[in-house]
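The structure appears below as structure tokens.
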Amino acid sequence: MKYLKKYFSGIYKDRYVLRSLVKQDLQMKYNRSVLGVAWQIITPLGLSIIIGLIYSIIYGVDPKGFIPILFSGLNPWVFLSGSADGGTFAYISAEGYLKQTQVSPQIFPIRVVSVNFVNLVYSMVAYFVVFLILSPSSFGLSMLMIIPGLLVIYLGGLTLANMSSAITIHLRDFQPLQSLVLQGLFYVTPIIYTTSMMDDKGFSIIYRANPFYYLINAVRSPALGNDFNFAVLEEYLIVLAVTFVAFLISAVITVKNNHGIAMKL
């Protein structure tokens with residue numbers, strides 16, 4: 001319990017520093033860019049359109065229905081993978097702060113995740129605009145479940161960033177290893193294909209045993225306007241509970257790892 005208290009108290013103490021760093025990162029990311037934040041919209045949308053059109057040619061899939069599935073899956077995946085990958089550089093890029101100030105180290109993984117989360121929100125706004133054009137009849141109150149879904153995926157991204165940042169301090173080769181694992185997970189997670197494609201082949205276990213599927217589905221399912229029922233609520237609560245416990249574990253590991261962190265960089 002003392003580790004969790006130290007984790008959250010450190011965040012609260014340096015909350016203004018954290019907010020300033022996130023704002024600074026966002027400004028630097030889009031500084032002198034003609035399109036700026038629009039790239040966060042264009043990239044997943046462009047990929048969704050390209051893949052959707054290719055699938056429509058090869059498999060005869062209706063692009064009008066398939067593009068929203070791709071777009072709503074790519075957005076949370078980009079956030080999760082970006083948070084995990086950014087976590088490996090969270091402390092390394094903040095070496096100057098950690099060696100010259102008394103700032104709490106745990107704010108740096110949060111910094112990475114928060115920047116990615118802002119980009120995710122922009123991308124999801126763009127998604128809803130596209131979805132409104134392609135399938136206006138699918139809009140409903142069930143889409144409001146995307147709010148707790150975003151909370152779940154933020155905790156998931158922060159858990160990944162905490163863990164990857166802690167591991168990288170001790171094992172600098174972890175970043176390329178993690179990138180390789182994430183590439184593999186991208187293809188075994190139903191992002192560029194539907195779960196029914198796996199079900200038809202008898203490989204449902206591949207995605208049902210994949211935690212990334214449930215994190216992404218917490219955002220994708222309401223974004224697609226799927227009906228909200230007791231089974232969906234039960235899945236949400238389980239995903240939230242598991243993700244929250246994983247986050248608390250990562251917070252404890254983060255605080256333990258922070259001891260003497262400046263000397264480890």
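Quick note on naming: the chains in the structure tokens go A, B, ... in the order shown, residues restart at 1 in each chain, and ligands are numbered from 1 in order of appearance.
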
Taking only C-alpha atoms into account, produce a table as CSV in which each residue of segment 137-252 of chain A with an atom at most 6 Å from an atom of segment 107-116 of chain A appears once, together with its shortest atom pair and the distance in Å to one decimal, ordered by chain and rising number.
residue,atom,partner,partner_atom,distance
A:Leu158,CA,A:Val113,CA,6.0
A:Ala161,CA,A:Pro109,CA,5.5
A:Asn162,CA,A:Pro109,CA,5.9

Next, the residues of the selection above should be written as a PDB file, in the first residue's frame with N, CA and C atoms.
ATOM      1  N   LEU A 158      -1.296   2.796 -19.922  1.00  0.00           N
ATOM      2  CA  LEU A 158      -0.410   3.212 -18.835  1.00  0.00           C
ATOM      3  C   LEU A 158       0.286   2.005 -18.200  1.00  0.00           C
ATOM      4  N   ALA A 161       3.080   1.087 -20.554  1.00  0.00           N
ATOM      5  CA  ALA A 161       4.169   2.068 -20.484  1.00  0.00           C
ATOM      6  C   ALA A 161       4.964   1.917 -19.188  1.00  0.00           C
ATOM      7  N   ASN A 162       4.261   1.702 -18.077  1.00  0.00           N
ATOM      8  CA  ASN A 162       4.947   1.494 -16.799  1.00  0.00           C
ATOM      9  C   ASN A 162       5.873   0.281 -16.851  1.00  0.00           C
TER      10      ASN A 162
END

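Close contacts of Leu45 of chain A, defined as residues with an atom at most 10 Å away when counting only C-alpha atoms, with chain neighbours fewer than 4 positions off set aside, comprise Trp39, Gln40, Ile41, Ile49, Ile50, Ile51, Ile67, Pro68, Leu70, Phe71, Ser72, Leu74, Asn75, Ser123, Ala126, Tyr127 and Val130 of chain A.
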
Could you write out the selected residues, including all heavy atoms, as a CSV table (one decimal), in the first residue's frame?
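Saved the output as again_10.csv:
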chain,number,residue,atom,x,y,z
A,39,TRP,N,-2.7,14.6,-39.2
A,39,TRP,CA,-2.0,13.4,-39.5
A,39,TRP,C,-2.5,12.2,-38.6
A,39,TRP,O,-2.4,11.1,-39.0
A,39,TRP,CB,-0.5,13.6,-39.3
A,39,TRP,CG,0.1,14.3,-40.5
A,39,TRP,CD1,0.7,15.5,-40.5
A,39,TRP,CD2,0.2,13.8,-41.9
A,39,TRP,NE1,1.1,15.9,-41.8
A,39,TRP,CE2,0.8,14.8,-42.6
A,39,TRP,CE3,-0.2,12.6,-42.5
A,39,TRP,CZ2,1.1,14.7,-44.0
A,39,TRP,CZ3,0.0,12.5,-43.9
A,39,TRP,CH2,0.6,13.5,-44.6
A,40,GLN,N,-2.9,12.5,-37.4
A,40,GLN,CA,-3.5,11.5,-36.5
A,40,GLN,C,-4.8,10.9,-37.1
A,40,GLN,O,-5.2,9.8,-36.7
A,40,GLN,CB,-3.7,12.1,-35.1
A,40,GLN,CG,-2.4,12.5,-34.4
A,40,GLN,CD,-1.5,11.3,-34.2
A,40,GLN,OE1,-0.3,11.4,-34.6
A,40,GLN,NE2,-2.0,10.2,-33.8
A,41,ILE,N,-5.4,11.7,-37.9
A,41,ILE,CA,-6.7,11.3,-38.5
A,41,ILE,C,-6.4,10.6,-39.9
A,41,ILE,O,-7.0,9.6,-40.2
A,41,ILE,CB,-7.6,12.5,-38.7
A,41,ILE,CG1,-7.9,13.1,-37.3
A,41,ILE,CG2,-8.9,12.1,-39.4
A,41,ILE,CD1,-8.6,14.4,-37.4
A,49,ILE,N,-9.0,2.7,-45.4
A,49,ILE,CA,-9.5,2.7,-46.8
A,49,ILE,C,-8.8,1.8,-47.7
A,49,ILE,O,-9.4,1.0,-48.5
A,49,ILE,CB,-9.5,4.2,-47.3
A,49,ILE,CG1,-10.4,5.1,-46.5
A,49,ILE,CG2,-9.8,4.2,-48.8
A,49,ILE,CD1,-10.4,6.5,-46.9
A,50,ILE,N,-7.4,1.8,-47.6
A,50,ILE,CA,-6.6,0.9,-48.5
A,50,ILE,C,-6.9,-0.5,-48.2
A,50,ILE,O,-7.2,-1.3,-49.1
A,50,ILE,CB,-5.1,1.3,-48.3
A,50,ILE,CG1,-4.8,2.7,-48.8
A,50,ILE,CG2,-4.2,0.2,-49.0
A,50,ILE,CD1,-3.4,3.1,-48.4
A,51,ILE,N,-6.8,-0.9,-46.9
A,51,ILE,CA,-7.1,-2.3,-46.6
A,51,ILE,C,-8.5,-2.7,-46.9
A,51,ILE,O,-8.8,-3.8,-47.4
A,51,ILE,CB,-6.8,-2.6,-45.1
A,51,ILE,CG1,-5.3,-2.3,-44.8
A,51,ILE,CG2,-7.1,-4.0,-44.7
A,51,ILE,CD1,-5.0,-2.3,-43.3
A,67,ILE,N,-14.8,-0.8,-43.6
A,67,ILE,CA,-13.9,0.4,-43.2
A,67,ILE,C,-14.1,0.9,-41.8
A,67,ILE,O,-13.1,1.1,-41.1
A,67,ILE,CB,-14.0,1.5,-44.3
A,67,ILE,CG1,-13.4,1.1,-45.6
A,67,ILE,CG2,-13.4,2.8,-43.7
A,67,ILE,CD1,-13.6,2.1,-46.7
A,68,PRO,N,-15.3,1.0,-41.3
A,68,PRO,CA,-15.5,1.4,-39.9
A,68,PRO,C,-14.9,0.4,-38.9
A,68,PRO,O,-14.4,0.8,-37.9
A,68,PRO,CB,-17.0,1.5,-39.7
A,68,PRO,CG,-17.5,1.8,-41.1
A,68,PRO,CD,-16.6,1.0,-42.0
A,70,LEU,N,-12.3,-1.5,-39.4
A,70,LEU,CA,-10.8,-1.3,-39.5
A,70,LEU,C,-10.4,-0.1,-38.7
A,70,LEU,O,-9.5,-0.1,-37.9
A,70,LEU,CB,-10.4,-1.2,-40.9
A,70,LEU,CG,-10.3,-2.5,-41.8
A,70,LEU,CD1,-10.1,-2.2,-43.2
A,70,LEU,CD2,-9.3,-3.5,-41.2
A,71,PHE,N,-11.1,1.0,-39.0
A,71,PHE,CA,-10.8,2.3,-38.4
A,71,PHE,C,-11.0,2.3,-36.9
A,71,PHE,O,-10.1,2.8,-36.2
A,71,PHE,CB,-11.7,3.4,-39.1
A,71,PHE,CG,-11.2,4.8,-38.9
A,71,PHE,CD1,-10.0,5.1,-38.4
A,71,PHE,CD2,-12.0,5.9,-39.4
A,71,PHE,CE1,-9.5,6.4,-38.3
A,71,PHE,CE2,-11.5,7.2,-39.3
A,71,PHE,CZ,-10.3,7.4,-38.7
A,72,SER,N,-12.0,1.7,-36.4
A,72,SER,CA,-12.3,1.6,-35.0
A,72,SER,C,-11.3,0.7,-34.3
A,72,SER,O,-11.2,0.8,-33.0
A,72,SER,CB,-13.7,1.2,-34.7
A,72,SER,OG,-14.0,-0.1,-35.3
A,74,LEU,N,-8.0,0.1,-35.6
A,74,LEU,CA,-6.6,0.6,-35.7
A,74,LEU,C,-6.3,1.8,-34.7
A,74,LEU,O,-5.2,1.9,-34.2
A,74,LEU,CB,-6.4,1.2,-37.2
A,74,LEU,CG,-6.2,0.1,-38.2
A,74,LEU,CD1,-6.2,0.7,-39.6
A,74,LEU,CD2,-4.8,-0.5,-38.0
A,75,ASN,N,-7.3,2.6,-34.5
A,75,ASN,CA,-7.1,3.7,-33.6
A,75,ASN,C,-6.7,3.3,-32.2
A,75,ASN,O,-5.7,3.8,-31.7
A,75,ASN,CB,-8.4,4.6,-33.5
A,75,ASN,CG,-8.6,5.5,-34.7
A,75,ASN,OD1,-7.6,5.8,-35.4
A,75,ASN,ND2,-9.8,5.9,-34.9
A,123,SER,N,-8.4,11.0,-33.2
A,123,SER,CA,-8.7,10.0,-34.2
A,123,SER,C,-10.1,9.4,-34.1
A,123,SER,O,-10.7,9.2,-35.1
A,123,SER,CB,-7.7,8.8,-34.1
A,123,SER,OG,-6.3,9.3,-34.3
A,126,ALA,N,-12.6,11.8,-35.6
A,126,ALA,CA,-12.6,11.6,-37.0
A,126,ALA,C,-13.4,10.4,-37.4
A,126,ALA,O,-14.1,10.3,-38.4
A,126,ALA,CB,-11.2,11.6,-37.5
A,127,TYR,N,-13.2,9.3,-36.6
A,127,TYR,CA,-13.9,8.1,-36.9
A,127,TYR,C,-15.4,8.3,-36.9
A,127,TYR,O,-16.1,7.8,-37.8
A,127,TYR,CB,-13.5,7.0,-35.9
A,127,TYR,CG,-14.5,5.8,-35.8
A,127,TYR,CD1,-14.5,4.8,-36.8
A,127,TYR,CD2,-15.5,5.8,-34.9
A,127,TYR,CE1,-15.4,3.8,-36.8
A,127,TYR,CE2,-16.4,4.8,-34.9
A,127,TYR,CZ,-16.4,3.8,-35.8
A,127,TYR,OH,-17.3,2.8,-35.8
A,130,VAL,N,-16.7,9.9,-40.0
A,130,VAL,CA,-16.7,9.0,-41.1
A,130,VAL,C,-17.8,8.0,-41.0
A,130,VAL,O,-18.6,7.7,-41.9
A,130,VAL,CB,-15.4,8.2,-41.3
A,130,VAL,CG1,-15.4,7.1,-42.3
A,130,VAL,CG2,-14.2,9.2,-41.6

Point to revise | Shell of 8 Å around Leu4 of chain A, only C-alpha atoms, local chain residues under 2 positions omitted, as a PyMOL selection string | key: chain A and resi 1-2+6-8+248+251-252+255

**Study point:** Who sits within 12 Å of Leu233 of chain A, only C-alpha atoms, same chain under 2 positions skipped, as a PyMOL selection string
**Key:** chain A and resi 142+145+148-149+218+221-222+227-231+235-240

Next, write the just-selected residues to a file, as a PDB file, in the first residue's frame, keeping N, CA, C and O atoms as the atom set.
ATOM      1  N   SER A 142     -26.036   3.559 -27.127  1.00  0.00           N
ATOM      2  CA  SER A 142     -25.041   2.548 -26.750  1.00  0.00           C
ATOM      3  C   SER A 142     -23.619   3.030 -27.021  1.00  0.00           C
ATOM      4  O   SER A 142     -22.663   2.542 -26.416  1.00  0.00           O
ATOM      5  N   MET A 145     -21.019   4.165 -24.304  1.00  0.00           N
ATOM      6  CA  MET A 145     -20.142   3.230 -23.594  1.00  0.00           C
ATOM      7  C   MET A 145     -18.682   3.394 -24.006  1.00  0.00           C
ATOM      8  O   MET A 145     -17.795   2.806 -23.392  1.00  0.00           O
ATOM      9  N   PRO A 148     -16.443   4.889 -20.826  1.00  0.00           N
ATOM     10  CA  PRO A 148     -15.708   3.965 -19.951  1.00  0.00           C
ATOM     11  C   PRO A 148     -14.702   3.127 -20.725  1.00  0.00           C
ATOM     12  O   PRO A 148     -13.673   2.715 -20.177  1.00  0.00           O
ATOM     13  N   GLY A 149     -14.986   2.890 -22.012  1.00  0.00           N
ATOM     14  CA  GLY A 149     -14.041   2.145 -22.840  1.00  0.00           C
ATOM     15  C   GLY A 149     -12.716   2.867 -22.980  1.00  0.00           C
ATOM     16  O   GLY A 149     -11.646   2.253 -22.927  1.00  0.00           O
ATOM     17  N   ALA A 218     -13.159  -2.824 -26.054  1.00  0.00           N
ATOM     18  CA  ALA A 218     -13.817  -1.909 -25.120  1.00  0.00           C
ATOM     19  C   ALA A 218     -14.104  -0.567 -25.777  1.00  0.00           C
ATOM     20  O   ALA A 218     -15.034   0.152 -25.384  1.00  0.00           O
ATOM     21  N   SER A 221     -16.300  -1.832 -29.842  1.00  0.00           N
ATOM     22  CA  SER A 221     -17.687  -2.291 -29.792  1.00  0.00           C
ATOM     23  C   SER A 221     -18.696  -1.145 -29.695  1.00  0.00           C
ATOM     24  O   SER A 221     -19.627  -1.066 -30.503  1.00  0.00           O
ATOM     25  N   PRO A 222     -18.548  -0.205 -28.738  1.00  0.00           N
ATOM     26  CA  PRO A 222     -19.495   0.913 -28.710  1.00  0.00           C
ATOM     27  C   PRO A 222     -19.330   1.855 -29.895  1.00  0.00           C
ATOM     28  O   PRO A 222     -20.301   2.480 -30.340  1.00  0.00           O
ATOM     29  N   ASP A 227     -25.148  -3.338 -29.850  1.00  0.00           N
ATOM     30  CA  ASP A 227     -26.130  -3.311 -28.768  1.00  0.00           C
ATOM     31  C   ASP A 227     -25.459  -3.531 -27.412  1.00  0.00           C
ATOM     32  O   ASP A 227     -24.523  -4.334 -27.285  1.00  0.00           O
ATOM     33  N   PHE A 228     -25.957  -2.819 -26.426  1.00  0.00           N
ATOM     34  CA  PHE A 228     -25.437  -2.956 -25.065  1.00  0.00           C
ATOM     35  C   PHE A 228     -26.399  -3.821 -24.258  1.00  0.00           C
ATOM     36  O   PHE A 228     -27.582  -3.522 -24.141  1.00  0.00           O
ATOM     37  N   ASN A 229     -25.897  -4.937 -23.741  1.00  0.00           N
ATOM     38  CA  ASN A 229     -26.719  -5.847 -22.941  1.00  0.00           C
ATOM     39  C   ASN A 229     -25.927  -6.334 -21.736  1.00  0.00           C
ATOM     40  O   ASN A 229     -24.806  -5.885 -21.492  1.00  0.00           O
ATOM     41  N   PHE A 230     -26.512  -7.264 -20.990  1.00  0.00           N
ATOM     42  CA  PHE A 230     -25.871  -7.746 -19.767  1.00  0.00           C
ATOM     43  C   PHE A 230     -24.541  -8.431 -20.061  1.00  0.00           C
ATOM     44  O   PHE A 230     -23.570  -8.264 -19.301  1.00  0.00           O
ATOM     45  N   ALA A 231     -24.478  -9.199 -21.138  1.00  0.00           N
ATOM     46  CA  ALA A 231     -23.241  -9.902 -21.489  1.00  0.00           C
ATOM     47  C   ALA A 231     -22.118  -8.903 -21.775  1.00  0.00           C
ATOM     48  O   ALA A 231     -20.966  -9.110 -21.373  1.00  0.00           O
ATOM     49  N   GLU A 235     -18.643  -8.269 -19.608  1.00  0.00           N
ATOM     50  CA  GLU A 235     -17.306  -8.259 -20.208  1.00  0.00           C
ATOM     51  C   GLU A 235     -16.576  -6.968 -19.868  1.00  0.00           C
ATOM     52  O   GLU A 235     -15.381  -6.983 -19.553  1.00  0.00           O
ATOM     53  N   TYR A 236     -17.287  -5.842 -19.902  1.00  0.00           N
ATOM     54  CA  TYR A 236     -16.684  -4.553 -19.565  1.00  0.00           C
ATOM     55  C   TYR A 236     -16.152  -4.556 -18.130  1.00  0.00           C
ATOM     56  O   TYR A 236     -15.029  -4.099 -17.876  1.00  0.00           O
ATOM     57  N   LEU A 237     -16.966  -5.052 -17.213  1.00  0.00           N
ATOM     58  CA  LEU A 237     -16.573  -5.048 -15.805  1.00  0.00           C
ATOM     59  C   LEU A 237     -15.362  -5.947 -15.565  1.00  0.00           C
ATOM     60  O   LEU A 237     -14.465  -5.600 -14.791  1.00  0.00           O
ATOM     61  N   ILE A 238     -15.320  -7.084 -16.251  1.00  0.00           N
ATOM     62  CA  ILE A 238     -14.182  -8.001 -16.111  1.00  0.00           C
ATOM     63  C   ILE A 238     -12.920  -7.372 -16.670  1.00  0.00           C
ATOM     64  O   ILE A 238     -11.853  -7.396 -16.035  1.00  0.00           O
ATOM     65  N   VAL A 239     -13.040  -6.771 -17.855  1.00  0.00           N
ATOM     66  CA  VAL A 239     -11.888  -6.124 -18.482  1.00  0.00           C
ATOM     67  C   VAL A 239     -11.390  -4.972 -17.614  1.00  0.00           C
ATOM     68  O   VAL A 239     -10.181  -4.806 -17.410  1.00  0.00           O
ATOM     69  N   LEU A 240     -12.324  -4.177 -17.083  1.00  0.00           N
ATOM     70  CA  LEU A 240     -11.949  -3.054 -16.219  1.00  0.00           C
ATOM     71  C   LEU A 240     -11.243  -3.550 -14.961  1.00  0.00           C
ATOM     72  O   LEU A 240     -10.209  -2.999 -14.553  1.00  0.00           O
TER      73      LEU A 240
END

Practice item. Measuring atom to atom with only C-alpha atoms, identify which of A:Ala166, A:Thr194, A:Ile147, A:Ser48 is nearest to His259 of chain A. Key: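 Nearest to His259 of chain A: A:Ala166.
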
**Study point:** DSSP helix (DSSP H, G or I) residues within segment 56-178 of chain A, as a VMD selection string
**Key:** chain A and resid 56 to 58 63 to 87 95 to 100 107 to 134 136 to 138 141 to 170 174 to 178

Practice item. Pick out the closest residue to Pro76 of chain A from this set: A:Thr243, A:Gln106, A:Thr189, A:Ser9. Count only C-alpha atoms. Key: A:Thr189

Check your understanding: When you draw a straight line from atom CA of Tyr187 of chain A to atom CA of Ala246 of chain A, how long is it in Å?
Key ->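 Those two atoms sit 23.5 Å apart.
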
Review point. Atom CA of Ile54 of chain A and atom CA of Ile192 of chain A are how many Å apart?
Key: 11.2 Å

Sort by chain and increasing residue number a table of all residues of segment 129-212 of chain A within 12 Å of segment 89-102 of chain A, each with its closest pair of atoms and their distance in Å to one decimal, counting only C-alpha atoms, and write it as JSON lines.
{"residue": "A:Leu158", "atom": "CA", "partner": "A:Ala90", "partner_atom": "CA", "distance": 11.6}
{"residue": "A:Leu160", "atom": "CA", "partner": "A:Ala90", "partner_atom": "CA", "distance": 11.7}
{"residue": "A:Ala161", "atom": "CA", "partner": "A:Ala90", "partner_atom": "CA", "distance": 8.1}
{"residue": "A:Asn162", "atom": "CA", "partner": "A:Ala90", "partner_atom": "CA", "distance": 9.0}
{"residue": "A:Met163", "atom": "CA", "partner": "A:Ala90", "partner_atom": "CA", "distance": 11.0}
{"residue": "A:Ser164", "atom": "CA", "partner": "A:Phe89", "partner_atom": "CA", "distance": 8.8}
{"residue": "A:Ser165", "atom": "CA", "partner": "A:Ala90", "partner_atom": "CA", "distance": 6.2}
{"residue": "A:Ala166", "atom": "CA", "partner": "A:Tyr91", "partner_atom": "CA", "distance": 8.7}
{"residue": "A:Ile167", "atom": "CA", "partner": "A:Phe89", "partner_atom": "CA", "distance": 10.9}
{"residue": "A:Thr168", "atom": "CA", "partner": "A:Phe89", "partner_atom": "CA", "distance": 8.0}
{"residue": "A:Ile169", "atom": "CA", "partner": "A:Tyr91", "partner_atom": "CA", "distance": 7.8}
{"residue": "A:His170", "atom": "CA", "partner": "A:Tyr91", "partner_atom": "CA", "distance": 11.6}
{"residue": "A:Arg172", "atom": "CA", "partner": "A:Phe89", "partner_atom": "CA", "distance": 9.8}
{"residue": "A:Asp173", "atom": "CA", "partner": "A:Phe89", "partner_atom": "CA", "distance": 11.8}
{"residue": "A:Phe174", "atom": "CA", "partner": "A:Phe89", "partner_atom": "CA", "distance": 10.7}
{"residue": "A:Gln175", "atom": "CA", "partner": "A:Phe89", "partner_atom": "CA", "distance": 8.5}
{"residue": "A:Pro176", "atom": "CA", "partner": "A:Phe89", "partner_atom": "CA", "distance": 11.8}

Practice item. Work out how far apart atom CA of Arg208 of chain A and atom CA of Ser56 of chain A are and give it in Å to one decimal. Key: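 Computing the Euclidean distance for atom CA of Arg208 of chain A and atom CA of Ser56 of chain A yields 25.9 Å.
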